[in-house]
Amino acid sequence: MKTIFVMMLTLLMGVTALGKTKKELQATDWNSFEAAMQEAEREDRKTGWSYIASGALVTIGGLVGASSSADSQSKLIYGLSQGFGVAAIGYGTAKLSYGNEYNSFYDSIQGTELSLEQKNSLVSLYMENERAKREMIRKINIATHAAIGVLNLYSASREPDKDAKTALQFLAAVNFAFALSYTF
Amino acid sequence: MRASLIALFLIFTAAAHAFEAPRSMATGTSGLLTRALGRMCHGFDLASDTLPCNPAFIAFKREGTLRANLFFGNNVSYTKEASDLLNERADEDTIRTLFGKQDRSEFETNLEAGYWGETWGVSVSPLRVNYGTTFRNPSLPEISLFASQEESLRGQIGTYLGNDLFIGLQLRALHRKFIAKQFFLTDALANEGTGFFEPENQNVLYVEPGLLYAPEDSDWNPKAYMSLMNAGIASRASPAFPSRPQFHLGTSVAADIGLGTWGLGVDVAWDNGMETDLEPVTVGSYYEFGILRLLAHVNERSNGLGFQVSSGFFNLGLASQSTTFNDGWGEKVTDRRLYLLLGAEI
C-alpha cells in the first residue's frame, strides 16, 4: 500500500510538472481580439479574488487541521493543502496584477497609434505563432507521457512484488492514456 | 461444568455463517463525492470522481478530462492484511493484526483512472478493497467480518434528447472476491487462518440508466433527475450481495453566488431493503470557489462533510462521514470515518 501511495504521488508530481495547455483565445482580427480580452479581463478579476479568498481559507484550514489531527494520512492532506493555499494566493494575486498570457501583447498594441489594418495584421500573426507554439507543446506532452509509460512498464517487468507490479502497470496505463488524450 | 458445556456448545454450534454486506460497501464505487455528498452525488454535475454518479450528466458537452484518483480511508495500513485474507495468504500474524485489538474497524481503498469526455466516458478500477469488522462479547470474542476486493470497468454514454432532456447509460462490469462471515476469534486462531477464510468469487454486470431534465434559461440551473443503480446480473447469487436495484429521484439547483457557485439538492432513494436500513431522503449541498470545494449531506442515518482542493492538475480532498449500519447481529451501530483523496487531472 505504501508503495502504491508513493507511486501515485510520483505520478501526480510528474503530471503537475508537465504543465497543462492554457485555454486558447479565439480571435481573427483586432476587434474580436479586443472583445475577447475584455471578457477575459472580467473573468480574470473574478478568478483572482476567488483564488485569493479560497487560498487563504485553505491555508488557515490546513494549519488548524494539521495541528488538531492525530492521523498521519490526514496530516499529509492538511500539509499539502497549506502549500496549495499559498500557491493559490500567489496565483490569484498574479491574476489581478497581470491578467492572462495575452495581456502583455494586448496592452502593447493598445498603447500604440497603429491603424486598424496594422493591428489586424499583428493579431493574425500573433495568433498563428501561438497556435504553432501550442501544437509543439502538445507533441512534447504526448512524447513525454508515452516515455514515462514505457519506463513504468519496464520497471513493472522487473518488479518482484505483486502489489508494486500492479501499481506500476496501472501508472503505465494512466500515462499512455494521458498521451492519448493529447491526440484529441 | 455447566459454563464449560455452554462454552463448548457456543464454539461448536454458533461457528460461522454469512450475512449481508454493509450497504456502502455493496453499492456503487468509492469516491470523495459519494462520501461527502452521499446519494446527492446523483444530482450535481461536479467533476470530482472519475465519472459522474448519474450517467445522464455524461451527455453534457464539455472538454475531455482524464483523471486518476487514489481514495482511501484512514485505516489504510491494514490493506495488506485484508488483501492476504482475501487471497488465502492469511496466517496467525494476519489474524492477530486484524482482530487482536477487538475493536470495530472499517476502511476502504479505491484506485481508479478514467476519461470523461463529450457524451461518453470510461473508467477502470484495478483495486477497490472494502473491509469492516464488528465485535461482541469480549470474554469470548465473536466477530462479524466483511472484506471484499473488486476490479471493475465502467463505461458511460449519453445523449441530448431535446426539450432540455438528457439520457445516459452506465455499464459496469466487476469481479468481486469477498468474505462475509461471523465467527469466534478462538476458531480463527485455532486454524491459524489457514483454510478458515475461504473467499467467494462473483462476477456482475450492472446496467444503470439515468435521465435528467436541465432547462438552460434560468440563473439557478434547476435540474430534475431519475436514475437506477445496482441493477445487475450476477454469475452466482450470494446472501452477502442480494439483488438491490436502487431508484433515485431528485432535484437540484446551482447558482453563481459571490465568488463561486452554490448548489443545493434533495435526493429520494428506495430499494427493497429500505424498511430496514435505508433512509430515503438526503439533502446535499456544495459551494465551490477558486481552488476550494466544500461538500456536505445529511439524512437520518448518515451525514458527511468534506472539502476538495484543486490546483488544476493535482487535487486532494478529505471527507468525514457518519453512517448507521447493521453490525451483523441485528444491532444498529453508528460510526464516523475519515476518507482521503489524491488525484490528478488533465
# chains A, B, ... in the order shown; residues from 1 in each chain; ligands from 1
>>> residues_around(residues="segment 131-136 of chain B", least_positions_apart="3", cutoff="8 Å", atoms="only C-alpha atoms", output="short mmCIF file (atom, residue, chain, number, x, y, z; two decimals) with N, CA, C and O atoms, in the first residue's frame")
data_model
loop_
_atom_site.label_atom_id
_atom_site.label_comp_id
_atom_site.auth_asym_id
_atom_site.auth_seq_id
_atom_site.Cartn_x
_atom_site.Cartn_y
_atom_site.Cartn_z
N ALA B 82 -5.78 -7.30 4.87
CA ALA B 82 -7.08 -7.64 4.28
C ALA B 82 -6.89 -8.33 2.94
O ALA B 82 -7.59 -9.30 2.62
N GLN B 102 -9.68 -6.20 18.99
CA GLN B 102 -11.10 -6.41 19.27
C GLN B 102 -11.88 -5.10 19.26
O GLN B 102 -12.69 -4.82 20.14
N ASP B 103 -11.56 -4.30 18.27
CA ASP B 103 -12.22 -3.00 18.15
C ASP B 103 -12.85 -2.91 16.78
O ASP B 103 -12.29 -3.41 15.79
N ARG B 104 -14.01 -2.29 16.73
CA ARG B 104 -14.68 -2.13 15.44
C ARG B 104 -13.77 -1.34 14.49
O ARG B 104 -13.18 -0.34 14.88
N SER B 105 -13.63 -1.79 13.27
CA SER B 105 -12.79 -1.06 12.33
C SER B 105 -13.37 -1.18 10.94
O SER B 105 -14.13 -2.10 10.63
N GLU B 106 -13.00 -0.22 10.13
CA GLU B 106 -13.52 -0.21 8.77
C GLU B 106 -12.59 0.63 7.91
O GLU B 106 -12.05 1.63 8.37
N PHE B 107 -12.33 0.20 6.70
CA PHE B 107 -11.61 1.06 5.77
C PHE B 107 -11.97 0.65 4.36
O PHE B 107 -12.52 -0.42 4.12
N GLU B 108 -11.66 1.53 3.45
CA GLU B 108 -11.78 1.19 2.04
C GLU B 108 -10.69 1.90 1.26
O GLU B 108 -10.18 2.94 1.69
N PRO B 141 -14.71 -13.53 22.27
CA PRO B 141 -14.95 -12.60 21.16
C PRO B 141 -15.57 -13.25 19.93
O PRO B 141 -15.07 -14.24 19.40
N GLU B 142 -16.69 -12.66 19.51
CA GLU B 142 -17.33 -13.09 18.27
C GLU B 142 -17.21 -11.93 17.29
O GLU B 142 -17.44 -10.78 17.64
N ILE B 143 -16.84 -12.27 16.09
CA ILE B 143 -16.51 -11.24 15.09
C ILE B 143 -17.43 -11.35 13.89
O ILE B 143 -17.75 -12.45 13.41
N SER B 144 -17.86 -10.20 13.44
CA SER B 144 -18.62 -10.11 12.20
C SER B 144 -17.67 -9.45 11.20
O SER B 144 -17.27 -8.30 11.38
N LEU B 145 -17.28 -10.17 10.17
CA LEU B 145 -16.25 -9.70 9.24
C LEU B 145 -16.81 -9.58 7.84
O LEU B 145 -17.49 -10.47 7.34
N PHE B 146 -16.51 -8.44 7.22
CA PHE B 146 -16.79 -8.30 5.81
C PHE B 146 -15.55 -7.76 5.11
O PHE B 146 -15.00 -6.75 5.53
N ALA B 147 -15.10 -8.44 4.08
CA ALA B 147 -13.95 -7.97 3.31
C ALA B 147 -14.20 -8.27 1.84
O ALA B 147 -14.69 -9.34 1.51
N SER B 148 -13.89 -7.32 0.98
CA SER B 148 -14.07 -7.56 -0.45
C SER B 148 -12.99 -6.86 -1.24
O SER B 148 -12.47 -5.83 -0.83
N ASP B 327 -24.72 -4.29 12.42
CA ASP B 327 -23.45 -4.90 12.81
C ASP B 327 -23.39 -6.39 12.48
O ASP B 327 -22.40 -7.04 12.78
N GLY B 328 -24.41 -6.94 11.86
CA GLY B 328 -24.40 -8.37 11.52
C GLY B 328 -25.17 -9.21 12.51
O GLY B 328 -25.47 -10.38 12.25
#
>>> closest_atom_pairs(of="chain B", to="chain A", cutoff="10 Å", atoms="only C-alpha atoms", output="Markdown table")
| residue | atom | partner | partner_atom | distance |
| --- | --- | --- | --- | --- |
| B:Gly64 | CA | A:Ser181 | CA | 7.9 |
| B:Thr65 | CA | A:Ser181 | CA | 8.0 |
| B:Leu66 | CA | A:Phe178 | CA | 6.8 |
| B:Arg67 | CA | A:Val174 | CA | 8.6 |
| B:Ala68 | CA | A:Val174 | CA | 7.2 |
| B:Asn69 | CA | A:Met8 | CA | 8.5 |
| B:Leu70 | CA | A:Met8 | CA | 7.4 |
| B:Phe72 | CA | A:Gln73 | CA | 9.5 |
| B:Gly73 | CA | A:Gln73 | CA | 9.0 |
| B:Asn74 | CA | A:Gln73 | CA | 6.7 |
| B:Asn75 | CA | A:Gln73 | CA | 9.2 |
| B:Val76 | CA | A:Met1 | CA | 7.7 |
| B:Ser77 | CA | A:Met1 | CA | 7.3 |
| B:Tyr78 | CA | A:Met1 | CA | 8.9 |
| B:Thr79 | CA | A:Met1 | CA | 6.8 |
| B:Lys80 | CA | A:Met1 | CA | 6.8 |
| B:Thr109 | CA | A:Met1 | CA | 9.5 |
| B:Leu111 | CA | A:Phe170 | CA | 9.1 |
| B:Glu112 | CA | A:Phe170 | CA | 9.0 |
| B:Ala113 | CA | A:Val174 | CA | 6.8 |
| B:Gly114 | CA | A:Val174 | CA | 8.5 |
| B:Tyr115 | CA | A:Ala177 | CA | 8.3 |
| B:Gly117 | CA | A:Ser181 | CA | 9.9 |
| B:Val124 | CA | A:Phe170 | CA | 9.6 |
| B:Ser125 | CA | A:Phe170 | CA | 9.3 |
| B:Pro126 | CA | A:Phe170 | CA | 7.8 |
| B:Leu127 | CA | A:Thr166 | CA | 9.3 |
| B:Gly258 | CA | A:Ser50 | CA | 8.9 |
| B:Leu259 | CA | A:Ser50 | CA | 5.4 |
| B:Gly260 | CA | A:Ser50 | CA | 7.1 |
| B:Glu288 | CA | A:Ser54 | CA | 8.9 |
| B:Phe289 | CA | A:Ser50 | CA | 5.7 |
| B:Gly290 | CA | A:Tyr51 | CA | 4.2 |
| B:Ile291 | CA | A:Ser54 | CA | 6.1 |
| B:Leu292 | CA | A:Ser54 | CA | 5.7 |
| B:Arg293 | CA | A:Ser54 | CA | 8.9 |
| B:Phe307 | CA | A:Val58 | CA | 9.4 |
| B:Gln308 | CA | A:Ser81 | CA | 9.2 |
| B:Val309 | CA | A:Ser81 | CA | 6.9 |
| B:Ser310 | CA | A:Phe84 | CA | 7.9 |
| B:Ser311 | CA | A:Phe84 | CA | 6.9 |
| B:Gly312 | CA | A:Lys20 | CA | 8.2 |
| B:Phe313 | CA | A:Thr16 | CA | 5.9 |
| B:Phe314 | CA | A:Leu12 | CA | 6.3 |
| B:Asn315 | CA | A:Leu12 | CA | 9.0 |
| B:Leu316 | CA | A:Ile77 | CA | 7.0 |
| B:Gly317 | CA | A:Ile77 | CA | 7.1 |
| B:Leu318 | CA | A:Ile77 | CA | 7.4 |
| B:Leu338 | CA | A:Ser74 | CA | 8.3 |
| B:Tyr339 | CA | A:Ser74 | CA | 8.5 |
| B:Leu340 | CA | A:Ser74 | CA | 7.2 |
| B:Leu341 | CA | A:Ile77 | CA | 8.3 |
| B:Leu342 | CA | A:Leu9 | CA | 8.0 |
| B:Gly343 | CA | A:Leu12 | CA | 7.1 |
| B:Ala344 | CA | A:Leu12 | CA | 5.6 |
| B:Glu345 | CA | A:Val15 | CA | 8.2 |
| B:Ile346 | CA | A:Lys20 | CA | 7.0 |
>>> write_last_selection(atoms="C-alpha atoms", output="PDB file, in the first residue's frame")
ATOM      1  CA  GLY B  64     -12.441  15.875 -22.323  1.00  0.00           C
ATOM      2  CA  THR B  65     -10.748  15.231 -18.972  1.00  0.00           C
ATOM      3  CA  LEU B  66      -8.520  12.433 -17.838  1.00  0.00           C
ATOM      4  CA  ARG B  67      -8.439  11.642 -14.119  1.00  0.00           C
ATOM      5  CA  ALA B  68      -6.593   9.278 -11.854  1.00  0.00           C
ATOM      6  CA  ASN B  69      -7.664   9.030  -8.216  1.00  0.00           C
ATOM      7  CA  LEU B  70      -6.440   7.242  -5.142  1.00  0.00           C
ATOM      8  CA  PHE B  72      -8.645   5.650   0.942  1.00  0.00           C
ATOM      9  CA  GLY B  73      -9.942   5.569   4.488  1.00  0.00           C
ATOM     10  CA  ASN B  74      -7.691   6.278   7.420  1.00  0.00           C
ATOM     11  CA  ASN B  75      -7.102   2.651   8.423  1.00  0.00           C
ATOM     12  CA  VAL B  76      -5.371   2.021   5.128  1.00  0.00           C
ATOM     13  CA  SER B  77      -2.388   0.379   6.842  1.00  0.00           C
ATOM     14  CA  TYR B  78      -4.481  -2.798   7.173  1.00  0.00           C
ATOM     15  CA  THR B  79      -4.952  -3.113   3.405  1.00  0.00           C
ATOM     16  CA  LYS B  80      -2.138  -5.658   3.090  1.00  0.00           C
ATOM     17  CA  THR B 109      -9.307   1.860  -0.733  1.00  0.00           C
ATOM     18  CA  LEU B 111      -7.595   3.202  -7.192  1.00  0.00           C
ATOM     19  CA  GLU B 112      -9.262   4.427 -10.354  1.00  0.00           C
ATOM     20  CA  ALA B 113      -8.491   6.171 -13.607  1.00  0.00           C
ATOM     21  CA  GLY B 114     -10.927   7.372 -16.187  1.00  0.00           C
ATOM     22  CA  TYR B 115     -11.630   9.572 -19.160  1.00  0.00           C
ATOM     23  CA  GLY B 117     -15.353  13.166 -22.467  1.00  0.00           C
ATOM     24  CA  VAL B 124     -11.084   1.325 -14.768  1.00  0.00           C
ATOM     25  CA  SER B 125     -10.525   0.412 -11.162  1.00  0.00           C
ATOM     26  CA  PRO B 126      -7.948  -2.358 -10.750  1.00  0.00           C
ATOM     27  CA  LEU B 127      -8.272  -2.297  -6.991  1.00  0.00           C
ATOM     28  CA  GLY B 258     -20.385  35.702  -4.596  1.00  0.00           C
ATOM     29  CA  LEU B 259     -17.072  34.462  -5.900  1.00  0.00           C
ATOM     30  CA  GLY B 260     -18.262  30.946  -6.636  1.00  0.00           C
ATOM     31  CA  GLU B 288     -17.017  25.968  -4.819  1.00  0.00           C
ATOM     32  CA  PHE B 289     -14.808  28.975  -5.411  1.00  0.00           C
ATOM     33  CA  GLY B 290     -11.217  29.299  -6.512  1.00  0.00           C
ATOM     34  CA  ILE B 291      -9.354  26.145  -5.582  1.00  0.00           C
ATOM     35  CA  LEU B 292     -11.794  25.032  -2.883  1.00  0.00           C
ATOM     36  CA  ARG B 293     -14.959  22.982  -2.958  1.00  0.00           C
ATOM     37  CA  PHE B 307     -13.557  19.558   1.132  1.00  0.00           C
ATOM     38  CA  GLN B 308     -11.599  19.259  -2.063  1.00  0.00           C
ATOM     39  CA  VAL B 309      -8.655  21.423  -3.108  1.00  0.00           C
ATOM     40  CA  SER B 310      -7.691  21.539  -6.765  1.00  0.00           C
ATOM     41  CA  SER B 311      -4.716  23.091  -8.490  1.00  0.00           C
ATOM     42  CA  GLY B 312      -5.946  22.216 -11.963  1.00  0.00           C
ATOM     43  CA  PHE B 313      -3.906  19.027 -12.316  1.00  0.00           C
ATOM     44  CA  PHE B 314      -3.435  17.857  -8.827  1.00  0.00           C
ATOM     45  CA  ASN B 315      -6.324  17.646  -6.425  1.00  0.00           C
ATOM     46  CA  LEU B 316      -6.735  16.351  -2.926  1.00  0.00           C
ATOM     47  CA  GLY B 317      -9.582  16.093  -0.516  1.00  0.00           C
ATOM     48  CA  LEU B 318     -10.823  14.923   2.798  1.00  0.00           C
ATOM     49  CA  LEU B 338     -12.355   9.835   7.637  1.00  0.00           C
ATOM     50  CA  TYR B 339     -11.595   9.410   3.928  1.00  0.00           C
ATOM     51  CA  LEU B 340      -8.858  10.963   1.831  1.00  0.00           C
ATOM     52  CA  LEU B 341      -8.356  11.572  -1.852  1.00  0.00           C
ATOM     53  CA  LEU B 342      -5.309  12.190  -4.005  1.00  0.00           C
ATOM     54  CA  GLY B 343      -5.973  12.796  -7.653  1.00  0.00           C
ATOM     55  CA  ALA B 344      -4.530  14.017 -10.927  1.00  0.00           C
ATOM     56  CA  GLU B 345      -6.398  15.559 -13.804  1.00  0.00           C
ATOM     57  CA  ILE B 346      -5.595  16.633 -17.339  1.00  0.00           C
TER      58      ILE B 346
END
>>> closest_residue(among="A:Gly149, A:Ile109, A:Lys162, A:Ile60", to="Ser121 of chain A", atoms="only C-alpha atoms")
A:Ile109
>>> select_by_dssp(residues="segment 21-61 of chain A", states="alpha helix (DSSP H)", output="VMD selection string")
chain A and resid 30 to 61
>>> residues_around(residues="Ala240 of chain B", least_positions_apart="2", cutoff="9 Å", atoms="only C-alpha atoms", output="compact mmCIF listing (two decimals) with C-alpha atoms, in the first residue's frame")
# COMPACT_ATOMS: atom_id res chain seq x y z
CA ALA B 18 -22.81 -15.44 6.12
CA PHE B 19 -24.64 -12.13 6.35
CA GLU B 20 -25.39 -9.18 4.12
CA ALA B 21 -22.60 -6.77 3.29
CA PRO B 22 -22.86 -3.19 4.59
CA ALA B 26 -22.06 -3.31 -1.66
CA PHE B 146 -16.79 -8.30 5.81
CA PHE B 178 -15.19 -11.42 -0.78
CA ILE B 179 -15.56 -12.87 2.69
CA ALA B 180 -18.71 -12.25 4.75
CA ALA B 237 -26.31 -15.33 -6.12
CA SER B 238 -24.95 -14.55 -2.68
CA PRO B 242 -28.53 -9.58 -2.66
>>> residues_around(residues="segment 158-163 of chain B", least_positions_apart="6", cutoff="10 Å", atoms="only C-alpha atoms", output="count of residues only")
20
>>> closest_residue(among="B:Asn201, B:Cys53, B:Leu32, B:Glu88", to="His248 of chain B", atoms="only C-alpha atoms")
B:Cys53
>>> residues_around(residues="Asn221 of chain B", least_positions_apart="6", cutoff="7 Å", atoms="only C-alpha atoms", output="PyMOL selection string")
chain B and resi 215+253-255
>>> select_by_dssp(residues="segment 130-311 of chain B", states="strand (DSSP E or B)", output="PyMOL selection string")
chain B and resi 130-136+142-162+165-184+200-213+223-229+232-234+246-257+260-270+281-289+292-298+302-310
>>> residues_around(residues="Thr251 of chain B", least_positions_apart="4", cutoff="10 Å", atoms="only C-alpha atoms", output="list of chain:residue names")
B:Met40, B:His42, B:Gly43, B:Phe44, B:Leu212, B:Tyr213, B:Ala214, B:Pro222, B:Lys223, B:Ala224, B:Tyr225, B:Met226, B:Leu264, B:Gly265, B:Val266, B:Asp267, B:Val268, B:Val283
>>> write_last_selection(atoms="C-alpha atoms", output="PDB file, in the first residue's frame")
ATOM      1  CA  MET B  40     -26.898  13.570  -3.540  1.00  0.00           C
ATOM      2  CA  HIS B  42     -26.584  11.836  -8.363  1.00  0.00           C
ATOM      3  CA  GLY B  43     -27.955  15.373  -8.603  1.00  0.00           C
ATOM      4  CA  PHE B  44     -24.902  17.547  -9.196  1.00  0.00           C
ATOM      5  CA  LEU B 212     -32.022  14.330 -16.485  1.00  0.00           C
ATOM      6  CA  TYR B 213     -34.130  17.408 -17.122  1.00  0.00           C
ATOM      7  CA  ALA B 214     -31.959  20.540 -17.141  1.00  0.00           C
ATOM      8  CA  PRO B 222     -32.565  23.728 -11.888  1.00  0.00           C
ATOM      9  CA  LYS B 223     -32.337  20.020 -12.553  1.00  0.00           C
ATOM     10  CA  ALA B 224     -34.655  17.065 -12.022  1.00  0.00           C
ATOM     11  CA  TYR B 225     -33.421  13.528 -12.440  1.00  0.00           C
ATOM     12  CA  MET B 226     -34.126   9.837 -12.176  1.00  0.00           C
ATOM     13  CA  LEU B 264     -28.385  22.516  -3.177  1.00  0.00           C
ATOM     14  CA  GLY B 265     -30.387  19.390  -3.803  1.00  0.00           C
ATOM     15  CA  VAL B 266     -32.689  16.689  -2.489  1.00  0.00           C
ATOM     16  CA  ASP B 267     -32.489  13.008  -3.386  1.00  0.00           C
ATOM     17  CA  VAL B 268     -35.145  10.416  -2.675  1.00  0.00           C
ATOM     18  CA  VAL B 283     -30.230  16.724   1.372  1.00  0.00           C
TER      19      VAL B 283
END
>>> residues_around(residues="Phe247 of chain B", least_positions_apart="6", cutoff="8 Å", atoms="only C-alpha atoms", output="PyMOL selection string")
chain B and resi 226-229+269-271
